[in-house]
Amino acid sequence: MSHDATANRSLFSGKPLRILIGLILVVNGMFPALWILFTSLKTEAELTVKPITWLPHAPTIANYLRAFTDQPLLLFLFNSFMVAILSTALTLFISVLAAYALARLQIRGRDLILSAIIAVSTFPLVTLLVPLFEIMRALGLLNTWVALILPYTVLSLPVCTLILVSFFEGIPRDLENSAMIDGCTRIGALFKVVVPLSAPGVFTAGILAFVNAWDEFLLALSFNSNPALRTLPVGITLYQGEFAFPWPVISAALVVGIVPVAVLIVIFQERVVSGLTSGGIKG
């Protein structure tokens, strides 16, 4: 094999290729967020200038002020936070119990149950919209937080349960047995021994559940028509007028909505990465 062929082979199969792929993924992931950020700092006049300018020539925070005054953005944020945090807490509680049962107890048809969980997690949300709406209407829960908390919990349970099953299976049974010999019940051993040792997996599941609830739009639009209960994704659509789209203001509201999730991920970054990689290795 010639020297040139060897060089080309090393170029496209070694570290340079991995760096190139990594850069492409970073740019693909970061560009939309950066574009929204730059748009939020521009005036509407600058946004329509041709040719397009990438960076704002005279950055302004006026769009952020308008985002809070044109619509009750703080109310949208509060509603989204409460729905997301409550659904996340409920999801973690149920998924911890379900995952522990699947990982530790001798359940007949365990593999079938796991397969069903995986299958359910693949259902498109739009196919569940009408049945969920009819259930919430029959229960009299429309225009309440509960109408969103319960479906978000159900939708996040499959993924969170699978993540936690992987982690719980990696915890030695002897640790639980020792705790139960010392007087703990099985539930006590679960929450005092197994869950703390599976902290990366719990954090990963919790953040996934939180982000899913924070970003969800379709159910929030369909189940709540009360202006006082609108969540952030639905509230942002109200900034557009009948004949105008104030993109800088909409972009500012989007940036405000991205910040809580970004901060959450930055704070728990190490635990999330550890949870994803460990879960992948164990699974």
# chains A, B, ... in the order shown; residues from 1 in each chain; ligands from 1
>>> residues_around(residues="stretch 192-195 of chain A", least_positions_apart="3", cutoff="10 Å", atoms="only C-alpha atoms", output="compact mmCIF listing (two decimals) with C-alpha atoms, in the first residue's frame")
# COMPACT_ATOMS: atom_id res chain seq x y z
CA VAL A 96 -38.26 4.02 40.88
CA TYR A 100 -36.98 -1.85 41.36
CA LEU A 164 -33.42 2.99 36.29
CA PHE A 167 -28.86 1.06 37.18
CA PHE A 168 -30.66 -1.00 39.80
CA GLU A 169 -29.42 -4.22 38.21
CA GLY A 170 -25.87 -2.99 38.78
CA ILE A 171 -26.32 -2.51 42.54
CA PRO A 172 -25.18 -5.59 44.54
CA ARG A 173 -28.05 -7.30 46.30
CA LEU A 175 -26.13 -4.09 50.20
CA GLU A 176 -29.91 -4.29 50.39
CA SER A 178 -27.45 -5.91 54.89
CA ALA A 179 -29.81 -2.96 55.26
CA CYS A 184 -34.90 -1.71 57.06
CA ARG A 186 -37.53 -3.54 51.44
CA ILE A 187 -38.93 -0.08 50.60
CA GLY A 188 -36.59 1.46 53.16
CA ALA A 189 -33.62 -0.33 51.61
CA SER A 198 -28.06 5.08 41.57
CA ALA A 199 -27.97 8.88 41.81
CA PRO A 200 -26.58 9.45 38.26
CA GLY A 201 -29.40 7.39 36.79
CA VAL A 202 -32.02 9.15 38.92
>>> residues_around(residues="A:Leu218", least_positions_apart="4", cutoff="10 Å", atoms="only C-alpha atoms", output="list in words")
Leu125, Val126, Leu129, Ser222, Phe223, Pro233 and Val234 of chain A
>>> write_last_selection(atoms="N, CA and C atoms", output="CSV table (one decimal), in the first residue's frame")
chain,number,residue,atom,x,y,z
A,125,LEU,N,-47.0,11.0,19.8
A,125,LEU,CA,-47.9,11.7,20.7
A,125,LEU,C,-49.2,12.1,20.0
A,126,VAL,N,-49.2,12.4,18.8
A,126,VAL,CA,-50.4,12.8,18.1
A,126,VAL,C,-51.5,11.7,18.1
A,129,LEU,N,-53.5,11.9,21.4
A,129,LEU,CA,-54.1,13.1,21.7
A,129,LEU,C,-55.6,13.0,22.0
A,222,SER,N,-53.9,21.8,23.7
A,222,SER,CA,-55.2,21.1,23.6
A,222,SER,C,-56.0,21.0,24.9
A,223,PHE,N,-55.3,20.9,26.0
A,223,PHE,CA,-56.0,20.6,27.3
A,223,PHE,C,-56.2,21.8,28.1
A,233,PRO,N,-44.4,27.1,26.2
A,233,PRO,CA,-44.5,26.9,24.7
A,233,PRO,C,-45.8,27.4,24.1
A,234,VAL,N,-46.9,27.3,24.8
A,234,VAL,CA,-48.2,27.9,24.2
A,234,VAL,C,-48.2,29.4,24.3
>>> closest_residue(among="A:Ile21, A:Ala213, A:Ile207, A:Leu55", to="A:Val263", atoms="only C-alpha atoms")
A:Ile207
>>> closest_residue(among="A:Val27, A:Ala147, A:Leu162, A:Leu77", to="A:Val261", atoms="only C-alpha atoms")
A:Leu77
>>> closest_residue(among="A:Ala252, A:Leu142, A:Leu229, A:Leu208", to="A:Thr39", atoms="only C-alpha atoms")
A:Ala252
>>> residues_around(residues="A:Leu92", least_positions_apart="6", cutoff="12 Å", atoms="only C-alpha atoms", output="number ranges by chain")
A: 85-86, 98-100, 152-154, 156-164, 191, 195, 199, 201-210
>>> write_last_selection(atoms="N, CA and C atoms", output="compact mmCIF listing (two decimals), in the first residue's frame")
# COMPACT_ATOMS: atom_id res chain seq x y z
N ILE A 85 -42.05 20.37 37.26
CA ILE A 85 -41.45 19.84 38.49
C ILE A 85 -42.37 18.81 39.15
N LEU A 86 -43.68 19.04 39.12
CA LEU A 86 -44.61 18.09 39.72
C LEU A 86 -44.68 16.79 38.92
N ALA A 98 -41.31 0.95 39.91
CA ALA A 98 -41.47 0.01 38.80
C ALA A 98 -40.12 -0.61 38.42
N ALA A 99 -39.09 0.22 38.36
CA ALA A 99 -37.77 -0.29 37.98
C ALA A 99 -37.22 -1.25 39.02
N TYR A 100 -37.46 -0.95 40.29
CA TYR A 100 -36.98 -1.85 41.36
C TYR A 100 -37.67 -3.20 41.28
N TYR A 152 -48.00 13.87 31.12
CA TYR A 152 -46.54 14.00 31.05
C TYR A 152 -45.86 12.89 31.85
N THR A 153 -46.46 12.54 32.98
CA THR A 153 -45.91 11.45 33.78
C THR A 153 -45.96 10.14 33.01
N VAL A 154 -47.09 9.85 32.42
CA VAL A 154 -47.25 8.61 31.66
C VAL A 154 -46.29 8.56 30.48
N SER A 156 -43.37 10.01 30.15
CA SER A 156 -41.97 9.93 30.55
C SER A 156 -41.63 8.62 31.26
N LEU A 157 -42.63 7.93 31.77
CA LEU A 157 -42.39 6.71 32.55
C LEU A 157 -41.58 5.63 31.81
N PRO A 158 -41.88 5.32 30.54
CA PRO A 158 -41.14 4.23 29.89
C PRO A 158 -39.64 4.46 29.87
N VAL A 159 -39.21 5.63 29.40
CA VAL A 159 -37.77 5.90 29.29
C VAL A 159 -37.13 5.93 30.68
N CYS A 160 -37.77 6.60 31.63
CA CYS A 160 -37.20 6.70 32.98
C CYS A 160 -37.11 5.33 33.63
N THR A 161 -38.11 4.50 33.44
CA THR A 161 -38.09 3.16 34.02
C THR A 161 -36.96 2.32 33.44
N LEU A 162 -36.79 2.38 32.14
CA LEU A 162 -35.72 1.60 31.50
C LEU A 162 -34.34 2.05 31.99
N ILE A 163 -34.15 3.36 32.14
CA ILE A 163 -32.87 3.87 32.64
C ILE A 163 -32.61 3.35 34.04
N LEU A 164 -33.61 3.40 34.89
CA LEU A 164 -33.42 2.99 36.29
C LEU A 164 -33.28 1.48 36.43
N PHE A 191 -35.01 3.12 49.14
CA PHE A 191 -34.80 4.57 49.15
C PHE A 191 -33.57 5.00 49.95
N VAL A 195 -31.45 3.77 45.75
CA VAL A 195 -31.62 5.05 45.06
C VAL A 195 -30.40 5.97 45.22
N ALA A 199 -27.71 7.45 41.99
CA ALA A 199 -27.97 8.88 41.81
C ALA A 199 -27.78 9.37 40.38
N GLY A 201 -28.24 7.82 37.56
CA GLY A 201 -29.40 7.39 36.79
C GLY A 201 -30.67 8.14 37.17
N VAL A 202 -30.84 8.40 38.46
CA VAL A 202 -32.02 9.15 38.92
C VAL A 202 -31.99 10.57 38.37
N PHE A 203 -30.83 11.21 38.41
CA PHE A 203 -30.71 12.57 37.88
C PHE A 203 -30.97 12.59 36.37
N THR A 204 -30.44 11.59 35.67
CA THR A 204 -30.65 11.52 34.22
C THR A 204 -32.13 11.37 33.90
N ALA A 205 -32.79 10.46 34.58
CA ALA A 205 -34.23 10.25 34.36
C ALA A 205 -35.02 11.50 34.71
N GLY A 206 -34.65 12.14 35.81
CA GLY A 206 -35.37 13.34 36.23
C GLY A 206 -35.23 14.48 35.24
N ILE A 207 -34.03 14.69 34.72
CA ILE A 207 -33.83 15.78 33.76
C ILE A 207 -34.55 15.49 32.45
N LEU A 208 -34.53 14.24 32.01
CA LEU A 208 -35.28 13.90 30.79
C LEU A 208 -36.76 14.15 30.97
N ALA A 209 -37.30 13.76 32.12
CA ALA A 209 -38.72 13.98 32.39
C ALA A 209 -39.04 15.48 32.46
N PHE A 210 -38.15 16.25 33.11
CA PHE A 210 -38.37 17.69 33.25
C PHE A 210 -38.35 18.37 31.88
>>> select_by_dssp(residues="stretch 41-203 of chain A", states="alpha helix (DSSP H)", output="MDAnalysis selection string")
chainID A and resid 44:47 62:70 73:104 110:120 125:138 146:168 173:181 186:189 195:197 199:203
>>> residues_around(residues="stretch 111-113 of chain A", least_positions_apart="2", cutoff="12 Å", atoms="only C-alpha atoms", output="PyMOL selection string")
chain A and resi 98-99+101-103+106-109+115-120+158+161-162
>>> write_last_selection(atoms="N, CA and C atoms", output="mmCIF file, in the first residue's frame")
data_model
loop_
_atom_site.group_PDB
_atom_site.id
_atom_site.type_symbol
_atom_site.label_atom_id
_atom_site.label_comp_id
_atom_site.auth_asym_id
_atom_site.auth_seq_id
_atom_site.Cartn_x
_atom_site.Cartn_y
_atom_site.Cartn_z
ATOM 1 N N ALA A 98 -41.311 0.949 39.912
ATOM 2 C CA ALA A 98 -41.467 0.007 38.799
ATOM 3 C C ALA A 98 -40.120 -0.612 38.423
ATOM 4 N N ALA A 99 -39.087 0.219 38.358
ATOM 5 C CA ALA A 99 -37.765 -0.285 37.976
ATOM 6 C C ALA A 99 -37.218 -1.251 39.023
ATOM 7 N N ALA A 101 -38.964 -3.176 41.018
ATOM 8 C CA ALA A 101 -39.704 -4.433 40.898
ATOM 9 C C ALA A 101 -39.185 -5.262 39.727
ATOM 10 N N LEU A 102 -38.914 -4.603 38.605
ATOM 11 C CA LEU A 102 -38.430 -5.327 37.431
ATOM 12 C C LEU A 102 -36.989 -5.815 37.612
ATOM 13 N N ALA A 103 -36.205 -5.071 38.374
ATOM 14 C CA ALA A 103 -34.796 -5.422 38.546
ATOM 15 C C ALA A 103 -34.569 -6.451 39.652
ATOM 16 N N GLN A 106 -38.883 -11.455 41.343
ATOM 17 C CA GLN A 106 -39.073 -12.525 40.370
ATOM 18 C C GLN A 106 -40.474 -12.396 39.769
ATOM 19 N N ILE A 107 -40.557 -11.607 38.705
ATOM 20 C CA ILE A 107 -41.849 -11.325 38.076
ATOM 21 C C ILE A 107 -42.003 -12.178 36.827
ATOM 22 N N ARG A 108 -43.112 -12.889 36.744
ATOM 23 C CA ARG A 108 -43.386 -13.696 35.559
ATOM 24 C C ARG A 108 -43.647 -12.770 34.364
ATOM 25 N N GLY A 109 -43.012 -13.059 33.258
ATOM 26 C CA GLY A 109 -43.192 -12.238 32.059
ATOM 27 C C GLY A 109 -42.415 -10.940 32.097
ATOM 28 N N SER A 115 -40.384 -5.361 27.047
ATOM 29 C CA SER A 115 -40.650 -5.157 25.617
ATOM 30 C C SER A 115 -41.859 -4.253 25.411
ATOM 31 N N ALA A 116 -42.881 -4.438 26.246
ATOM 32 C CA ALA A 116 -44.074 -3.587 26.146
ATOM 33 C C ALA A 116 -43.743 -2.138 26.486
ATOM 34 N N ILE A 117 -42.880 -1.933 27.486
ATOM 35 C CA ILE A 117 -42.468 -0.578 27.856
ATOM 36 C C ILE A 117 -41.755 0.091 26.688
ATOM 37 N N ILE A 118 -40.865 -0.650 26.037
ATOM 38 C CA ILE A 118 -40.150 -0.095 24.886
ATOM 39 C C ILE A 118 -41.124 0.228 23.760
ATOM 40 N N ALA A 119 -42.082 -0.666 23.523
ATOM 41 C CA ALA A 119 -43.052 -0.447 22.450
ATOM 42 C C ALA A 119 -43.918 0.777 22.715
ATOM 43 N N VAL A 120 -44.364 0.925 23.951
ATOM 44 C CA VAL A 120 -45.217 2.070 24.308
ATOM 45 C C VAL A 120 -44.473 3.391 24.120
ATOM 46 N N PRO A 158 -41.885 5.325 30.543
ATOM 47 C CA PRO A 158 -41.144 4.232 29.894
ATOM 48 C C PRO A 158 -39.635 4.458 29.867
ATOM 49 N N THR A 161 -38.115 4.497 33.436
ATOM 50 C CA THR A 161 -38.094 3.157 34.022
ATOM 51 C C THR A 161 -36.963 2.320 33.443
ATOM 52 N N LEU A 162 -36.786 2.379 32.140
ATOM 53 C CA LEU A 162 -35.717 1.604 31.504
ATOM 54 C C LEU A 162 -34.341 2.054 31.987
#
>>> residues_around(residues="A:Thr48", least_positions_apart="4", cutoff="12 Å", atoms="only C-alpha atoms", output="list in words")
Thr39, Lys42, Thr43, Glu44, Ile52, Thr53, Trp54, Pro56, Pro246, Trp247 and Pro248 of chain A
>>> closest_residue(among="A:Gln71, A:Ala253, A:Leu105, A:Glu46", to="A:Pro59", atoms="only C-alpha atoms")
A:Glu46
>>> atom_distance(atom1="atom CA of A:Asn226", atom2="atom CA of A:Asn143")
5.9 Å
>>> closest_residue(among="A:Trp214, A:Lys15, A:Arg66, A:Thr60", to="A:Ala262", atoms="only C-alpha atoms")
A:Trp214
